[in-house]
>>> print(open('upload36.txt').read())   # compact mmCIF, C-alpha atoms and all ligand atoms
# COMPACT_ATOMS: atom_id res chain seq x y z
CA ASP A 628 105.48 103.14 112.54
CA LEU A 629 103.14 100.59 110.93
CA LEU A 630 101.90 97.07 111.63
CA VAL A 631 100.48 95.16 108.66
CA VAL A 632 98.28 92.15 109.46
CA GLY A 633 97.68 90.08 106.36
CA SER A 634 98.52 87.51 103.75
CA ALA A 635 101.71 86.33 102.11
CA ASN A 636 101.69 84.28 98.91
CA ALA A 637 104.23 82.92 96.49
CA ASP A 638 103.12 84.01 93.00
CA LEU A 639 103.97 81.27 90.47
CA VAL A 640 103.71 82.79 87.01
CA ILE A 641 103.78 81.03 83.60
CA GLY A 642 103.29 82.74 80.26
CA VAL A 643 101.08 80.77 77.83
CA GLU A 644 99.93 81.22 74.22
CA ARG A 645 96.42 80.43 75.39
CA ARG A 646 94.92 79.02 78.55
CA PRO A 647 94.14 75.28 78.62
CA GLY A 648 90.57 74.05 78.36
CA PRO A 649 89.22 71.15 80.46
CA GLY A 650 91.39 68.05 80.12
CA GLU A 651 93.92 69.92 77.99
CA THR A 652 97.65 70.47 78.56
CA VAL A 653 99.48 73.45 77.10
CA LEU A 654 103.19 74.25 77.25
CA GLY A 655 104.24 77.56 78.75
CA SER A 656 107.26 79.70 79.49
CA ASP A 657 109.82 79.09 82.23
CA LEU A 658 108.30 79.46 85.68
CA SER A 659 108.92 82.66 87.59
CA VAL A 660 108.31 82.84 91.33
CA HIS A 661 107.66 86.17 93.04
CA PRO A 662 106.84 87.12 96.61
CA GLY A 663 103.28 88.45 96.81
CA GLY A 664 100.05 88.51 98.80
CA LYS A 665 98.46 91.79 99.84
CA GLY A 666 99.81 91.81 103.40
CA ALA A 667 103.36 90.99 102.38
CA ASN A 668 103.18 93.51 99.52
CA GLN A 669 101.93 96.31 101.75
CA ALA A 670 104.61 95.67 104.39
CA VAL A 671 107.36 95.77 101.74
CA ALA A 672 105.88 98.91 100.15
CA ALA A 673 105.86 100.76 103.49
CA ALA A 674 109.36 99.64 104.46
CA ARG A 675 110.73 100.68 101.08
CA LEU A 676 109.40 104.19 101.68
CA GLY A 677 111.32 104.27 104.94
CA ALA A 678 108.58 103.29 107.42
CA ARG A 679 109.51 101.11 110.38
CA THR A 680 107.18 98.23 109.55
CA ALA A 681 106.25 94.90 111.11
CA LEU A 682 104.24 92.09 109.52
CA LEU A 683 101.88 89.71 111.30
CA ALA A 684 101.28 86.83 108.89
CA ARG A 685 101.49 83.05 108.69
CA LEU A 686 103.80 81.18 106.32
CA GLY A 687 104.27 77.47 105.69
CA ASP A 688 107.40 75.78 106.92
CA ASP A 689 108.63 75.40 103.33
CA ALA A 690 110.69 76.94 100.55
CA HIS A 691 108.01 79.46 99.56
CA GLY A 692 107.83 80.56 103.18
CA ARG A 693 111.58 81.15 103.20
CA LEU A 694 111.37 83.12 99.94
CA LEU A 695 108.69 85.38 101.45
CA ARG A 696 110.53 85.86 104.71
CA ASP A 697 113.74 86.74 102.82
CA ALA A 698 111.86 89.31 100.70
CA GLN A 699 110.44 90.95 103.83
CA GLU A 700 113.83 91.05 105.51
CA ALA A 701 115.56 92.40 102.40
CA ALA A 702 113.07 95.29 102.45
CA GLY A 703 113.74 95.89 106.14
CA VAL A 704 110.43 94.60 107.53
CA ASP A 705 110.44 93.24 111.10
CA THR A 706 109.45 89.58 110.66
CA SER A 707 109.93 88.52 114.27
CA TRP A 708 106.14 88.02 114.69
CA VAL A 709 105.64 86.12 111.44
CA ARG A 710 104.29 82.63 112.30
CA ALA A 711 105.26 79.44 110.49
CA GLY A 712 103.48 76.15 110.04
CA GLY A 713 100.00 74.67 110.04
CA ALA A 714 99.69 74.51 106.26
CA PRO A 715 101.80 75.14 103.14
CA THR A 716 102.60 78.77 102.31
CA GLY A 717 99.83 80.43 100.32
CA VAL A 718 100.30 80.20 96.57
CA ALA A 719 98.83 82.00 93.56
CA LEU A 720 99.08 79.99 90.31
CA ILE A 721 99.01 82.58 87.56
CA THR A 722 98.91 82.04 83.79
CA VAL A 723 99.32 85.08 81.59
CA ASP A 724 98.39 85.07 77.91
CA PRO A 725 99.99 87.29 75.23
CA SER A 726 97.31 89.97 75.63
CA GLY A 727 98.24 90.22 79.32
CA ASP A 728 95.04 88.60 80.60
CA ASN A 729 95.52 86.52 83.76
CA SER A 730 93.90 83.35 85.06
CA ILE A 731 94.64 82.90 88.74
CA VAL A 732 94.05 80.09 91.22
CA VAL A 733 94.83 80.95 94.85
CA SER A 734 95.53 78.38 97.55
CA PRO A 735 95.34 80.40 100.79
CA GLY A 736 97.26 77.71 102.69
CA ALA A 737 98.83 79.14 105.83
CA ASN A 738 97.03 82.49 105.34
CA GLY A 739 93.81 80.66 106.20
CA ARG A 740 95.39 79.53 109.47
CA LEU A 741 96.29 83.02 110.72
CA SER A 742 93.87 82.86 113.62
CA PRO A 743 92.28 85.04 116.31
CA ALA A 744 94.57 83.19 118.74
CA ASP A 745 97.59 84.41 116.74
CA VAL A 746 96.27 87.95 117.21
CA ARG A 747 95.71 87.43 120.95
CA GLU A 748 99.31 86.28 121.27
CA SER A 749 100.45 89.50 119.55
CA THR A 750 98.91 92.16 121.79
CA ALA A 751 102.36 93.64 122.50
CA LEU A 752 102.83 94.00 118.76
CA LEU A 753 99.38 95.59 118.31
CA ALA A 754 100.35 98.19 120.91
CA SER A 755 103.68 98.98 119.22
CA ALA A 756 102.52 101.02 116.20
CA PRO A 757 100.27 104.08 115.78
CA VAL A 758 98.57 102.45 112.79
CA VAL A 759 97.50 98.86 112.16
CA SER A 760 96.42 97.97 108.63
CA ALA A 761 94.75 94.83 107.32
CA GLN A 762 93.28 93.40 104.12
CA LEU A 763 90.89 90.49 103.57
CA GLU A 764 93.07 87.60 102.33
CA ILE A 765 93.07 86.21 105.89
CA PRO A 766 90.06 84.90 107.85
CA LEU A 767 87.53 87.63 108.63
CA GLU A 768 87.37 86.44 112.25
CA THR A 769 91.09 87.28 112.53
CA VAL A 770 90.42 90.82 111.31
CA VAL A 771 87.56 91.06 113.82
CA GLU A 772 89.97 90.05 116.61
CA VAL A 773 92.43 92.77 115.53
CA VAL A 774 89.66 95.36 115.79
CA ARG A 775 88.59 94.05 119.21
CA LEU A 776 92.10 94.10 120.66
CA LEU A 777 93.23 97.38 119.12
CA PRO A 778 94.47 99.73 121.85
CA SER A 779 92.44 102.94 122.05
CA GLY A 780 94.22 105.64 120.07
CA THR A 781 95.60 103.16 117.52
CA ARG A 782 94.32 103.88 114.06
CA PHE A 783 92.86 101.01 112.00
CA VAL A 784 93.13 101.03 108.21
CA LEU A 785 91.30 98.37 106.19
CA ASN A 786 91.88 97.66 102.54
CA ALA A 787 88.71 95.65 101.82
CA SER A 788 90.35 93.45 99.21
CA PRO A 789 89.11 90.97 98.18
CA PRO A 790 85.75 92.53 99.08
CA ALA A 791 83.50 90.76 101.58
CA ARG A 792 80.49 91.26 103.80
CA LEU A 793 81.88 93.26 106.71
CA PRO A 794 80.39 93.19 110.21
CA ALA A 795 79.44 96.58 111.68
CA GLU A 796 82.15 96.12 114.28
CA VAL A 797 84.80 96.14 111.55
CA LEU A 798 83.19 98.85 109.40
CA THR A 799 82.96 101.34 112.27
CA ALA A 800 86.62 100.76 113.21
CA CYS A 801 87.93 101.72 109.75
CA ASP A 802 89.72 105.06 109.52
CA PRO A 803 89.82 104.83 106.55
CA LEU A 804 88.14 102.00 104.65
CA ILE A 805 90.12 101.79 101.38
CA VAL A 806 88.47 100.28 98.28
CA ASN A 807 88.85 100.43 94.52
CA GLU A 808 85.74 100.84 92.35
CA HIS A 809 84.93 97.12 92.20
CA GLU A 810 85.43 96.67 95.95
CA ALA A 811 83.28 99.74 96.65
CA ARG A 812 80.38 98.14 94.78
CA VAL A 813 80.68 94.76 96.48
CA VAL A 814 81.12 96.13 100.01
CA SER A 815 78.12 98.38 99.62
CA GLU A 816 75.95 95.66 98.01
CA HIS A 817 76.58 93.50 101.06
CA ALA A 818 75.83 96.26 103.54
CA SER A 819 73.02 98.23 101.98
CA ALA A 820 69.88 97.67 99.95
CA THR A 821 70.60 100.56 97.60
CA PRO A 822 73.31 99.90 94.99
CA LEU A 823 75.96 102.56 94.39
CA ASP A 824 75.14 104.91 91.58
CA GLY A 825 76.09 108.37 90.44
CA ASP A 826 79.67 109.61 90.57
CA PRO A 827 82.46 108.27 92.80
CA ALA A 828 82.05 111.20 95.22
CA SER A 829 78.55 109.99 95.96
CA TRP A 830 79.92 106.45 96.38
CA ALA A 831 82.38 107.64 98.98
CA LYS A 832 79.56 109.32 100.89
CA ALA A 833 77.37 106.20 100.63
CA LEU A 834 80.20 104.07 101.99
CA LEU A 835 80.77 106.57 104.79
CA ALA A 836 77.13 106.12 105.77
CA LEU A 837 77.89 102.43 106.48
CA GLY A 838 79.90 103.46 109.54
CA PRO A 839 83.61 103.98 108.78
CA ARG A 840 85.18 107.14 110.19
CA SER A 841 86.63 107.82 106.76
CA VAL A 842 86.65 106.32 103.27
CA VAL A 843 89.12 106.31 100.39
CA VAL A 844 88.09 105.12 96.92
CA THR A 845 90.99 104.54 94.51
CA LEU A 846 90.24 105.27 90.87
CA GLY A 847 93.26 103.88 89.00
CA GLY A 848 94.63 106.43 86.52
CA ARG A 849 92.08 108.96 87.81
CA GLY A 850 93.56 109.17 91.30
CA ALA A 851 91.41 108.76 94.38
CA LEU A 852 88.62 110.21 96.49
CA VAL A 853 88.69 110.82 100.22
CA ALA A 854 85.66 111.31 102.41
CA ASP A 855 85.18 111.89 106.11
CA GLY A 856 82.88 113.86 108.37
CA GLY A 857 84.19 117.03 106.75
CA GLY A 858 83.01 116.03 103.25
CA ALA A 859 84.40 114.35 100.14
CA ALA A 860 87.33 115.57 98.06
CA PRO A 861 89.06 114.33 94.92
CA VAL A 862 92.79 113.53 94.96
CA PRO A 863 94.11 114.05 91.43
CA ALA A 864 96.26 111.35 89.83
CA VAL A 865 99.86 111.89 88.81
CA PRO A 866 100.11 111.28 85.05
CA VAL A 867 102.69 108.59 84.31
CA ARG A 868 103.31 106.01 81.60
CA ALA A 869 101.70 102.93 83.13
CA VAL A 870 103.62 99.72 82.40
CA ASP A 871 102.03 97.31 84.91
CA THR A 872 99.39 98.21 87.47
CA THR A 873 99.99 95.07 89.59
CA GLY A 874 100.43 96.11 93.21
CA ALA A 875 99.33 99.74 92.69
CA GLY A 876 96.60 99.41 95.28
CA ASP A 877 99.02 97.81 97.74
CA ALA A 878 101.57 100.61 97.27
CA PHE A 879 98.81 103.20 97.72
CA THR A 880 97.42 101.60 100.89
CA ALA A 881 100.84 101.17 102.51
CA ALA A 882 101.83 104.76 101.82
CA LEU A 883 98.52 106.12 103.11
CA ALA A 884 98.61 104.05 106.32
CA TRP A 885 102.19 105.04 107.08
CA ARG A 886 101.62 108.77 106.48
CA LEU A 887 98.50 108.80 108.64
CA GLY A 888 100.67 107.40 111.43
CA THR A 889 103.06 110.30 111.09
CA GLY A 890 100.15 112.65 111.84
CA GLU A 891 99.28 113.79 108.33
CA THR A 892 95.68 114.62 107.44
CA LEU A 893 93.75 112.15 105.30
CA SER A 894 93.97 114.49 102.27
CA ASP A 895 97.73 114.98 102.61
CA ALA A 896 98.36 111.28 103.17
CA ALA A 897 96.21 110.42 100.13
CA ALA A 898 98.05 112.98 97.99
CA TYR A 899 101.30 111.23 98.89
CA ALA A 900 99.79 107.77 98.35
CA VAL A 901 98.61 108.72 94.84
CA ARG A 902 102.23 109.58 93.97
CA VAL A 903 103.44 106.25 95.40
CA GLY A 904 100.77 104.36 93.40
CA ALA A 905 101.78 106.24 90.25
CA ALA A 906 105.46 105.39 90.76
CA ALA A 907 104.53 101.71 91.25
CA VAL A 908 102.74 101.47 87.87
CA THR A 909 105.83 102.67 86.00
CA LYS A 910 107.62 99.37 86.78
CA ARG A 911 106.76 95.70 86.25
CA GLY A 912 105.80 93.38 89.08
CA ALA A 913 104.38 93.96 92.54
CA GLN A 914 107.07 94.15 95.23
CA ALA A 915 109.68 94.84 92.54
CA SER A 916 107.78 97.96 91.48
CA PHE A 917 107.47 99.68 94.87
CA PRO A 918 109.35 103.00 95.02
CA THR A 919 111.70 104.44 97.62
CA ALA A 920 110.88 107.88 99.07
CA GLN A 921 113.57 109.29 96.80
CA GLU A 922 111.92 107.78 93.72
CA VAL A 923 108.60 109.32 94.79
CA ALA A 924 110.30 112.70 95.15
CA SER A 925 111.89 112.45 91.71
CA LEU A 926 108.49 111.61 90.22
CA ASP A 927 107.33 115.02 91.52
CA ALA A 928 110.27 116.71 89.85
CA ALA A 929 109.65 114.99 86.50
P1 LIG A 1001 93.86 98.52 92.64
O1 LIG A 1001 95.24 98.16 92.18
O2 LIG A 1001 93.57 98.11 94.05
O3 LIG A 1001 92.75 98.18 91.68
P2 LIG A 1001 93.84 101.25 91.62
O4 LIG A 1001 93.91 100.68 90.25
O5 LIG A 1001 92.72 102.18 91.93
O6 LIG A 1001 93.86 100.12 92.75
O7 LIG A 1001 95.23 101.99 91.87
C1 LIG A 1001 95.61 102.46 93.13
C2 LIG A 1001 96.29 103.80 92.98
O8 LIG A 1001 97.46 103.66 92.16
C3 LIG A 1001 95.44 104.87 92.31
O9 LIG A 1001 94.66 105.53 93.27
C4 LIG A 1001 96.50 105.76 91.71
O10 LIG A 1001 97.03 106.60 92.71
C5 LIG A 1001 97.60 104.79 91.32
N1 LIG A 1001 97.45 104.39 89.90
C6 LIG A 1001 96.90 103.25 89.43
N2 LIG A 1001 96.91 103.22 88.08
C7 LIG A 1001 97.48 104.38 87.69
C8 LIG A 1001 97.78 104.98 86.40
N3 LIG A 1001 97.49 104.35 85.26
N4 LIG A 1001 98.39 106.18 86.40
C9 LIG A 1001 98.69 106.83 87.55
N5 LIG A 1001 98.42 106.34 88.77
C10 LIG A 1001 97.83 105.14 88.85
>>> encode(input="upload36.txt", output="structure tokens")
Amino acid sequence: DLLVVGSANADLVIGVERRPGPGETVLGSDLSVHPGGKGANQAVAAARLGARTALLARLGDDAHGRLLRDAQEAAGVDTSWVRAGGAPTGVALITVDPSGDNSIVVSPGANGRLSPADVRESTALLASAPVVSAQLEIPLETVVEVVRLLPSGTRFVLNASPPARLPAEVLTACDPLIVNEHEARVVSEHASATPLDGDPASWAKALLALGPRSVVVTLGGRGALVADGGGAAPVPAVPVRAVDTTGAGDAFTAALAWRLGTGETLSDAAAYAVRVGAAAVTKRGAQASFPTAQEVASLDAA
């Protein structure tokens, strides 16, 4: 149902009283290691909802790579196209202080080696799903190759995270371009002389003018906005008690991409995705917080 092309990282998390200054050593909590990375997260989120999902990613030939592969397989993701080797598995070194503020260092590792050639060797995979989704934690040239080799009729969804300068070729392929508020600003600053101002509905329209066939702006606890040739419309949030918003955007993007592939309209798919994002913020962690379809349904009943 869905092919995710993207990153996979091991998240190494240590709690600290305060973050060390230059030359300083501080003691922290026991280490916890979690599977993460936007591509890996989105594949797990879709599979947990029941989507038949494949991941195209690159892992190191190491213990973190095995951890990530196991997490994908446990969620039911098809990992037969996941590549191994070339560099160590991507890692995010995360320190969290008592107020919940993070400091993060990312080593892209093998994610940086997922190449246009890897995409060319996966054309059978690209042709296997109605929707292909990508994010930007892999080389931009690899995303460009995905867009170039996409079979006609296959829908391309881009979560522009982390935000970057996007070539017109990529922008015009997006249906939709998915961004949060920060990403909306950065993407538009790169592409247009006029900064975003006014309300988010006007942002969505300004982003649409850059070439995508449709745009979705996520607004955290305020839901989302969708815009396409037919106009812009708000998608109200589902009120929940937010415990940890890590991975909310990944859950949202995965749900939206999957539902578009089933033939839903952008508004209907976004209404579902907002519920999936809401369910994800009620639990701690990223992949650990992603709901099943049943959990999404019970959120509606609550
Ligand atoms: P990101 O994690 O990429 O910054 P957002 O914070 O916009 O993305 O969250 C993505 C989606 O998750 C939102 O559109 C919304 O549906 C849901 N969400 C996030 N935070 C909350 C919240 N506090 N309450 C309810 N839903 C939320």
>>> residues_around(input="upload36.txt", residues="region 772-777 of chain A", least_positions_apart="3", cutoff="7 Å", atoms="only C-alpha atoms", output="JSON, numbers by chain")
{"A": [743, 746, 753, 768, 769, 781, 797, 800]}
>>> atom_distance(input="upload36.txt", atom1="atom O4 of ligand LIG 1001 (chain A)", atom2="CA of Asp895 (chain A)")
19.3 Å
>>> residues_near_ligand(input="upload36.txt", ligand="ligand LIG 1001 (chain A)", cutoff="10 Å", atoms="all atoms listed in the file", output="PyMOL selection string")
chain A and resi 665+786-789+805-810+843-852+862-880+897-909
>>> atom_distance(input="upload36.txt", atom1="CA of Ser755 (chain A)", atom2="CA of Val709 (chain A)")
15.2 Å
>>> residues_around(input="upload36.txt", residues="region 815-827 of chain A", least_positions_apart="3", cutoff="9 Å", atoms="all atoms listed in the file", output="MDAnalysis selection string")
chainID A and resid 791:795 808 810:812 830:834 837 844 846 852
>>> build_atoms(input="upload36.txt", residues="region 790-814 of chain A", atoms="N, CA and C atoms", output="PDB file, keeping the file's coordinate frame")
ATOM      1  N   PRO A 790      86.884  91.972  98.330  1.00  0.00           N
ATOM      2  CA  PRO A 790      85.750  92.530  99.080  1.00  0.00           C
ATOM      3  C   PRO A 790      84.890  91.441  99.706  1.00  0.00           C
ATOM      4  N   ALA A 791      84.306  91.742 100.846  1.00  0.00           N
ATOM      5  CA  ALA A 791      83.500  90.760 101.580  1.00  0.00           C
ATOM      6  C   ALA A 791      82.403  91.493 102.341  1.00  0.00           C
ATOM      7  N   ARG A 792      81.502  90.698 102.903  1.00  0.00           N
ATOM      8  CA  ARG A 792      80.490  91.260 103.800  1.00  0.00           C
ATOM      9  C   ARG A 792      81.190  91.590 105.114  1.00  0.00           C
ATOM     10  N   LEU A 793      81.137  92.845 105.523  1.00  0.00           N
ATOM     11  CA  LEU A 793      81.880  93.260 106.710  1.00  0.00           C
ATOM     12  C   LEU A 793      80.936  93.500 107.879  1.00  0.00           C
ATOM     13  N   PRO A 794      81.226  92.918 109.040  1.00  0.00           N
ATOM     14  CA  PRO A 794      80.390  93.190 110.210  1.00  0.00           C
ATOM     15  C   PRO A 794      80.519  94.651 110.632  1.00  0.00           C
ATOM     16  N   ALA A 795      79.458  95.168 111.265  1.00  0.00           N
ATOM     17  CA  ALA A 795      79.440  96.580 111.680  1.00  0.00           C
ATOM     18  C   ALA A 795      80.645  96.915 112.557  1.00  0.00           C
ATOM     19  N   GLU A 796      81.020  95.942 113.376  1.00  0.00           N
ATOM     20  CA  GLU A 796      82.150  96.120 114.280  1.00  0.00           C
ATOM     21  C   GLU A 796      83.442  96.478 113.523  1.00  0.00           C
ATOM     22  N   VAL A 797      83.612  95.859 112.363  1.00  0.00           N
ATOM     23  CA  VAL A 797      84.800  96.140 111.550  1.00  0.00           C
ATOM     24  C   VAL A 797      84.617  97.459 110.798  1.00  0.00           C
ATOM     25  N   LEU A 798      83.438  97.626 110.188  1.00  0.00           N
ATOM     26  CA  LEU A 798      83.190  98.850 109.400  1.00  0.00           C
ATOM     27  C   LEU A 798      83.405 100.108 110.241  1.00  0.00           C
ATOM     28  N   THR A 799      82.892 100.112 111.469  1.00  0.00           N
ATOM     29  CA  THR A 799      82.960 101.340 112.270  1.00  0.00           C
ATOM     30  C   THR A 799      84.380 101.604 112.782  1.00  0.00           C
ATOM     31  N   ALA A 800      85.237 100.571 112.753  1.00  0.00           N
ATOM     32  CA  ALA A 800      86.620 100.760 113.210  1.00  0.00           C
ATOM     33  C   ALA A 800      87.499 101.394 112.134  1.00  0.00           C
ATOM     34  N   CYS A 801      87.062 101.314 110.867  1.00  0.00           N
ATOM     35  CA  CYS A 801      87.930 101.720 109.750  1.00  0.00           C
ATOM     36  C   CYS A 801      88.141 103.230 109.706  1.00  0.00           C
ATOM     37  N   ASP A 802      89.404 103.628 109.595  1.00  0.00           N
ATOM     38  CA  ASP A 802      89.720 105.060 109.520  1.00  0.00           C
ATOM     39  C   ASP A 802      91.021 105.258 108.748  1.00  0.00           C
ATOM     40  N   PRO A 803      90.978 105.040 107.395  1.00  0.00           N
ATOM     41  CA  PRO A 803      89.820 104.830 106.550  1.00  0.00           C
ATOM     42  C   PRO A 803      89.597 103.368 106.153  1.00  0.00           C
ATOM     43  N   LEU A 804      88.413 103.163 105.492  1.00  0.00           N
ATOM     44  CA  LEU A 804      88.140 102.000 104.650  1.00  0.00           C
ATOM     45  C   LEU A 804      88.661 102.363 103.257  1.00  0.00           C
ATOM     46  N   ILE A 805      89.549 101.522 102.708  1.00  0.00           N
ATOM     47  CA  ILE A 805      90.120 101.790 101.380  1.00  0.00           C
ATOM     48  C   ILE A 805      89.609 100.750 100.395  1.00  0.00           C
ATOM     49  N   VAL A 806      89.008 101.191  99.304  1.00  0.00           N
ATOM     50  CA  VAL A 806      88.470 100.280  98.280  1.00  0.00           C
ATOM     51  C   VAL A 806      88.737 100.858  96.894  1.00  0.00           C
ATOM     52  N   ASN A 807      88.879  99.957  95.909  1.00  0.00           N
ATOM     53  CA  ASN A 807      88.850 100.430  94.520  1.00  0.00           C
ATOM     54  C   ASN A 807      87.386 100.411  94.066  1.00  0.00           C
ATOM     55  N   GLU A 808      87.136 100.690  92.792  1.00  0.00           N
ATOM     56  CA  GLU A 808      85.740 100.840  92.350  1.00  0.00           C
ATOM     57  C   GLU A 808      84.962  99.534  92.489  1.00  0.00           C
ATOM     58  N   HIS A 809      85.595  98.424  92.100  1.00  0.00           N
ATOM     59  CA  HIS A 809      84.930  97.120  92.200  1.00  0.00           C
ATOM     60  C   HIS A 809      84.629  96.788  93.668  1.00  0.00           C
ATOM     61  N   GLU A 810      85.615  96.989  94.525  1.00  0.00           N
ATOM     62  CA  GLU A 810      85.430  96.670  95.950  1.00  0.00           C
ATOM     63  C   GLU A 810      84.365  97.570  96.579  1.00  0.00           C
ATOM     64  N   ALA A 811      84.302  98.818  96.139  1.00  0.00           N
ATOM     65  CA  ALA A 811      83.280  99.740  96.650  1.00  0.00           C
ATOM     66  C   ALA A 811      81.893  99.185  96.378  1.00  0.00           C
ATOM     67  N   ARG A 812      81.701  98.690  95.144  1.00  0.00           N
ATOM     68  CA  ARG A 812      80.380  98.140  94.780  1.00  0.00           C
ATOM     69  C   ARG A 812      80.040  96.932  95.634  1.00  0.00           C
ATOM     70  N   VAL A 813      80.982  95.999  95.770  1.00  0.00           N
ATOM     71  CA  VAL A 813      80.680  94.760  96.480  1.00  0.00           C
ATOM     72  C   VAL A 813      80.435  95.023  97.957  1.00  0.00           C
ATOM     73  N   VAL A 814      81.293  95.840  98.580  1.00  0.00           N
ATOM     74  CA  VAL A 814      81.120  96.130 100.010  1.00  0.00           C
ATOM     75  C   VAL A 814      79.767  96.788 100.236  1.00  0.00           C
TER      76      VAL A 814
END
